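Some notes on the structure that comes next.
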Amino acid sequence: MDDAQKIVFYGFSPVPRDPDVLFKDHPTASGATPKQDLFEFKDIPLPDSPLVQKVKEFAKAKLNEQTFNHSNRVYIYGTALVKTHFPEWTYDAETYYLSCLLHDIGTADAFLATTKMSFEFKGAIVAREVILTQGGAEDQADSVCEAIVRHQDIFVKGGNITLIGQILQLATILDNVGIRANLIHPNLIATTCTAFPRKGWSQCFARTIEKELALKPWCHTSTFERPNWVEGVPSNFATDVRGNSVMEKYD
């Protein structure tokens, strides 16, 4: 592949960062009744290359069960969202799955409290190193790293983000808070939560947010909070995660 082909293949194609721009007047995703293709979990196979198997083994060993399951749900939801609403988007499914598997690796016990870096940034570095060590291409590792670094840039309104970065953002916020869950079919959510159960994910992730804020009040997660946030002030982000009414019945 030449460089232009690699940009497309590894998901670097630029798309608007702001979902309100991305979905404005969208033919299938805007309005009160967006299109919901009748996908179930079985309709979206998980990539299973030797590289994926090695990275999945690493992620499963480092992450708790709730976070590992969340990472897999994010792949399913993001893939379905693209198939329904952005079928023209082109990217490597394996690279997206690697991004999903590793996007929260920085929250693992081995990393969260062992660095002063925000979990997304430390996790992105770890992810890049793991992929390269296991034989992944540098452009693939860079795409995953970029997506993980930016996956909580929720409040950035201007500019662009990589295509895989946008899918990762949309799918994580869907699973964590329920935003834009109406863009995928309820049967997909139900069957995916059966395959990869939440097991109290909302409470689990909310506690992780609070733990990082307490350890590192300068962290990137604090962008969800009021200016000059200090420990002892309830976290807006953790409150939103615990209030995920869309996924409540699966928790």
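Each chain in the structure tokens gets a letter, A, B and so on, in the order shown; residues start at 1 in every chain, and ligands are counted from 1 in the order they appear.
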(Q) Residues within 12 Å of Ile44 (chain A), please, as a ChimeraX atom specification. Count only C-alpha atoms; anything in the same chain fewer than 3 positions from it doesn't count. (A) /A:38-41,47,72-83,93,97,188,191-192,195
Selection above as a file: N, CA, C and O atoms, as a PDB file, in the first residue's frame:
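again.pdb was written with the following content:
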ATOM      1  N   LEU A  38     -31.821  -4.140  11.956  1.00  0.00           N
ATOM      2  CA  LEU A  38     -32.084  -5.232  12.886  1.00  0.00           C
ATOM      3  C   LEU A  38     -30.871  -6.171  12.987  1.00  0.00           C
ATOM      4  O   LEU A  38     -30.905  -7.317  12.547  1.00  0.00           O
ATOM      5  N   PHE A  39     -29.804  -5.643  13.566  1.00  0.00           N
ATOM      6  CA  PHE A  39     -28.638  -6.472  13.833  1.00  0.00           C
ATOM      7  C   PHE A  39     -28.768  -7.112  15.210  1.00  0.00           C
ATOM      8  O   PHE A  39     -29.357  -6.529  16.131  1.00  0.00           O
ATOM      9  N   GLU A  40     -28.186  -8.298  15.336  1.00  0.00           N
ATOM     10  CA  GLU A  40     -27.964  -8.904  16.638  1.00  0.00           C
ATOM     11  C   GLU A  40     -26.471  -9.174  16.779  1.00  0.00           C
ATOM     12  O   GLU A  40     -25.713  -9.066  15.817  1.00  0.00           O
ATOM     13  N   PHE A  41     -26.054  -9.537  17.965  1.00  0.00           N
ATOM     14  CA  PHE A  41     -24.635  -9.761  18.226  1.00  0.00           C
ATOM     15  C   PHE A  41     -24.021 -10.742  17.230  1.00  0.00           C
ATOM     16  O   PHE A  41     -22.919 -10.523  16.723  1.00  0.00           O
ATOM     17  N   PRO A  47     -13.098  -9.646  14.849  1.00  0.00           N
ATOM     18  CA  PRO A  47     -11.840 -10.027  14.192  1.00  0.00           C
ATOM     19  C   PRO A  47     -11.064 -11.020  15.069  1.00  0.00           C
ATOM     20  O   PRO A  47     -11.118 -10.947  16.301  1.00  0.00           O
ATOM     21  N   ASN A  72     -15.419  -4.916  24.365  1.00  0.00           N
ATOM     22  CA  ASN A  72     -15.995  -5.710  23.278  1.00  0.00           C
ATOM     23  C   ASN A  72     -17.349  -5.165  22.838  1.00  0.00           C
ATOM     24  O   ASN A  72     -17.654  -5.159  21.638  1.00  0.00           O
ATOM     25  N   ARG A  73     -18.150  -4.694  23.764  1.00  0.00           N
ATOM     26  CA  ARG A  73     -19.430  -4.089  23.383  1.00  0.00           C
ATOM     27  C   ARG A  73     -19.204  -2.859  22.507  1.00  0.00           C
ATOM     28  O   ARG A  73     -19.962  -2.612  21.556  1.00  0.00           O
ATOM     29  N   VAL A  74     -18.171  -2.104  22.833  1.00  0.00           N
ATOM     30  CA  VAL A  74     -17.858  -0.901  22.054  1.00  0.00           C
ATOM     31  C   VAL A  74     -17.577  -1.263  20.598  1.00  0.00           C
ATOM     32  O   VAL A  74     -17.998  -0.541  19.677  1.00  0.00           O
ATOM     33  N   TYR A  75     -16.897  -2.366  20.361  1.00  0.00           N
ATOM     34  CA  TYR A  75     -16.657  -2.790  18.975  1.00  0.00           C
ATOM     35  C   TYR A  75     -17.978  -3.091  18.262  1.00  0.00           C
ATOM     36  O   TYR A  75     -18.192  -2.636  17.127  1.00  0.00           O
ATOM     37  N   ILE A  76     -18.845  -3.820  18.915  1.00  0.00           N
ATOM     38  CA  ILE A  76     -20.121  -4.207  18.296  1.00  0.00           C
ATOM     39  C   ILE A  76     -20.976  -2.979  18.004  1.00  0.00           C
ATOM     40  O   ILE A  76     -21.495  -2.809  16.887  1.00  0.00           O
ATOM     41  N   TYR A  77     -21.139  -2.113  18.976  1.00  0.00           N
ATOM     42  CA  TYR A  77     -21.996  -0.938  18.793  1.00  0.00           C
ATOM     43  C   TYR A  77     -21.431  -0.009  17.712  1.00  0.00           C
ATOM     44  O   TYR A  77     -22.171   0.496  16.865  1.00  0.00           O
ATOM     45  N   GLY A  78     -20.121   0.214  17.742  1.00  0.00           N
ATOM     46  CA  GLY A  78     -19.522   1.091  16.745  1.00  0.00           C
ATOM     47  C   GLY A  78     -19.637   0.540  15.338  1.00  0.00           C
ATOM     48  O   GLY A  78     -19.933   1.274  14.388  1.00  0.00           O
ATOM     49  N   THR A  79     -19.422  -0.759  15.202  1.00  0.00           N
ATOM     50  CA  THR A  79     -19.512  -1.385  13.887  1.00  0.00           C
ATOM     51  C   THR A  79     -20.936  -1.314  13.339  1.00  0.00           C
ATOM     52  O   THR A  79     -21.150  -0.996  12.152  1.00  0.00           O
ATOM     53  N   ALA A  80     -21.909  -1.576  14.187  1.00  0.00           N
ATOM     54  CA  ALA A  80     -23.307  -1.507  13.752  1.00  0.00           C
ATOM     55  C   ALA A  80     -23.698  -0.086  13.370  1.00  0.00           C
ATOM     56  O   ALA A  80     -24.396   0.129  12.358  1.00  0.00           O
ATOM     57  N   LEU A  81     -23.240   0.878  14.150  1.00  0.00           N
ATOM     58  CA  LEU A  81     -23.560   2.269  13.861  1.00  0.00           C
ATOM     59  C   LEU A  81     -23.035   2.672  12.482  1.00  0.00           C
ATOM     60  O   LEU A  81     -23.741   3.333  11.705  1.00  0.00           O
ATOM     61  N   VAL A  82     -21.812   2.246  12.176  1.00  0.00           N
ATOM     62  CA  VAL A  82     -21.237   2.574  10.866  1.00  0.00           C
ATOM     63  C   VAL A  82     -21.990   1.861   9.750  1.00  0.00           C
ATOM     64  O   VAL A  82     -22.298   2.463   8.710  1.00  0.00           O
ATOM     65  N   LYS A  83     -22.289   0.591   9.924  1.00  0.00           N
ATOM     66  CA  LYS A  83     -22.995  -0.170   8.883  1.00  0.00           C
ATOM     67  C   LYS A  83     -24.340   0.467   8.543  1.00  0.00           C
ATOM     68  O   LYS A  83     -24.755   0.496   7.374  1.00  0.00           O
ATOM     69  N   ALA A  93     -11.225  -3.287  10.035  1.00  0.00           N
ATOM     70  CA  ALA A  93     -11.970  -3.697  11.225  1.00  0.00           C
ATOM     71  C   ALA A  93     -11.041  -4.142  12.349  1.00  0.00           C
ATOM     72  O   ALA A  93     -11.316  -3.908  13.531  1.00  0.00           O
ATOM     73  N   TYR A  97     -10.965  -2.852  16.189  1.00  0.00           N
ATOM     74  CA  TYR A  97     -11.119  -3.762  17.322  1.00  0.00           C
ATOM     75  C   TYR A  97      -9.953  -3.633  18.300  1.00  0.00           C
ATOM     76  O   TYR A  97     -10.159  -3.655  19.523  1.00  0.00           O
ATOM     77  N   LEU A 188     -29.850  -5.435  19.305  1.00  0.00           N
ATOM     78  CA  LEU A 188     -28.396  -5.514  19.285  1.00  0.00           C
ATOM     79  C   LEU A 188     -27.843  -5.260  20.686  1.00  0.00           C
ATOM     80  O   LEU A 188     -26.934  -5.965  21.146  1.00  0.00           O
ATOM     81  N   THR A 191     -28.677  -8.464  22.891  1.00  0.00           N
ATOM     82  CA  THR A 191     -27.885  -9.659  22.600  1.00  0.00           C
ATOM     83  C   THR A 191     -26.394  -9.440  22.884  1.00  0.00           C
ATOM     84  O   THR A 191     -25.689 -10.371  23.275  1.00  0.00           O
ATOM     85  N   THR A 192     -25.937  -8.213  22.713  1.00  0.00           N
ATOM     86  CA  THR A 192     -24.537  -7.907  23.025  1.00  0.00           C
ATOM     87  C   THR A 192     -24.302  -7.942  24.533  1.00  0.00           C
ATOM     88  O   THR A 192     -23.264  -8.440  24.999  1.00  0.00           O
ATOM     89  N   ALA A 195     -23.930 -11.524  25.458  1.00  0.00           N
ATOM     90  CA  ALA A 195     -22.618 -12.077  25.089  1.00  0.00           C
ATOM     91  C   ALA A 195     -21.498 -11.523  25.958  1.00  0.00           C
ATOM     92  O   ALA A 195     -20.579 -12.255  26.361  1.00  0.00           O
TER      93      ALA A 195
END
Q: Find the spatial neighbours of Cys219 (chain A), counting only C-alpha atoms, within a cut-off of 12 Å - ignore same-chain residues fewer than 6 positions away - and output them as a PyMOL selection string.
A: chain A and resi 112+115-122+152+209-213+225+228-230
Q: Provide the CA of Ser143 (chain A) to CA of Phe12 (chain A) distance in Å, to one decimal place.
A: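 Between CA of Ser143 (chain A) and CA of Phe12 (chain A) the gap is 6.6 Å.
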Q: Can you work out which one of A:Asn182, A:Phe23, A:Gly11, A:Phe155 has the shortest atom-to-atom distance to Ser99 (chain A), counting only C-alpha atoms?
A: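 Between A:Asn182, A:Phe23, A:Gly11, A:Phe155, the residue approaching Ser99 (chain A) most closely is A:Gly11.
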Q. How would you write, as number ranges by chain, the set of residues in region 61-194 of chain A that DSSP gives as helix (DSSP H, G or I)?
A. A: 61-62, 65-85, 93-102, 105-107, 119-133, 138-149, 163-177, 181-183, 186-194
Q) Got a sec: who's within 12 Å of region 126-135 of chain A, counting only C-alpha atoms, leaving out chain neighbours fewer than 5 positions off, as a PyMOL selection string? A) chain A and resi 49-59+62+94-95+98-108+110-112+115+117+119-121+140-149
List the spatial neighbours of Ile161 (chain A) as an mmCIF file with C-alpha atoms, in the first residue's frame - criterion: any atom at most 7 Å away, only C-alpha atoms, same-chain residues fewer than 3 positions off excluded.
data_model
loop_
_atom_site.group_PDB
_atom_site.id
_atom_site.type_symbol
_atom_site.label_atom_id
_atom_site.label_comp_id
_atom_site.auth_asym_id
_atom_site.auth_seq_id
_atom_site.Cartn_x
_atom_site.Cartn_y
_atom_site.Cartn_z
ATOM 1 C CA PRO A 14 -10.569 12.886 8.820
ATOM 2 C CA VAL A 15 -14.179 13.373 9.871
ATOM 3 C CA PRO A 16 -15.755 16.168 11.947
ATOM 4 C CA ARG A 17 -14.976 15.825 15.651
ATOM 5 C CA GLY A 165 -11.314 7.877 16.668
ATOM 6 C CA GLN A 166 -14.844 9.113 15.981
#
(Q) What parts of region 15-207 of chain A does DSSP call strand (DSSP E)? I'd like the answer as a PyMOL selection string. (A) chain A and resi 15-16+160-162
Q) For Asn236 (chain A), which of A:Val177, A:Leu168, A:Ala124, A:Ile184 is the closest residue, counting only C-alpha atoms? A)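 Closest residue, counting only C-alpha atoms: A:Val177.
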(Q) Report, in Å to a single decimal, how far apart CA of Phe205 (chain A) and CA of Ser235 (chain A) are. (A)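 Interatomic distance here is 12.2 Å.
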Q) Hey, which of A:His85, A:Ser71, A:Pro45, A:Ala206 ends up closest to Pro27 (chain A)? Count only C-alpha atoms. A) A:His85
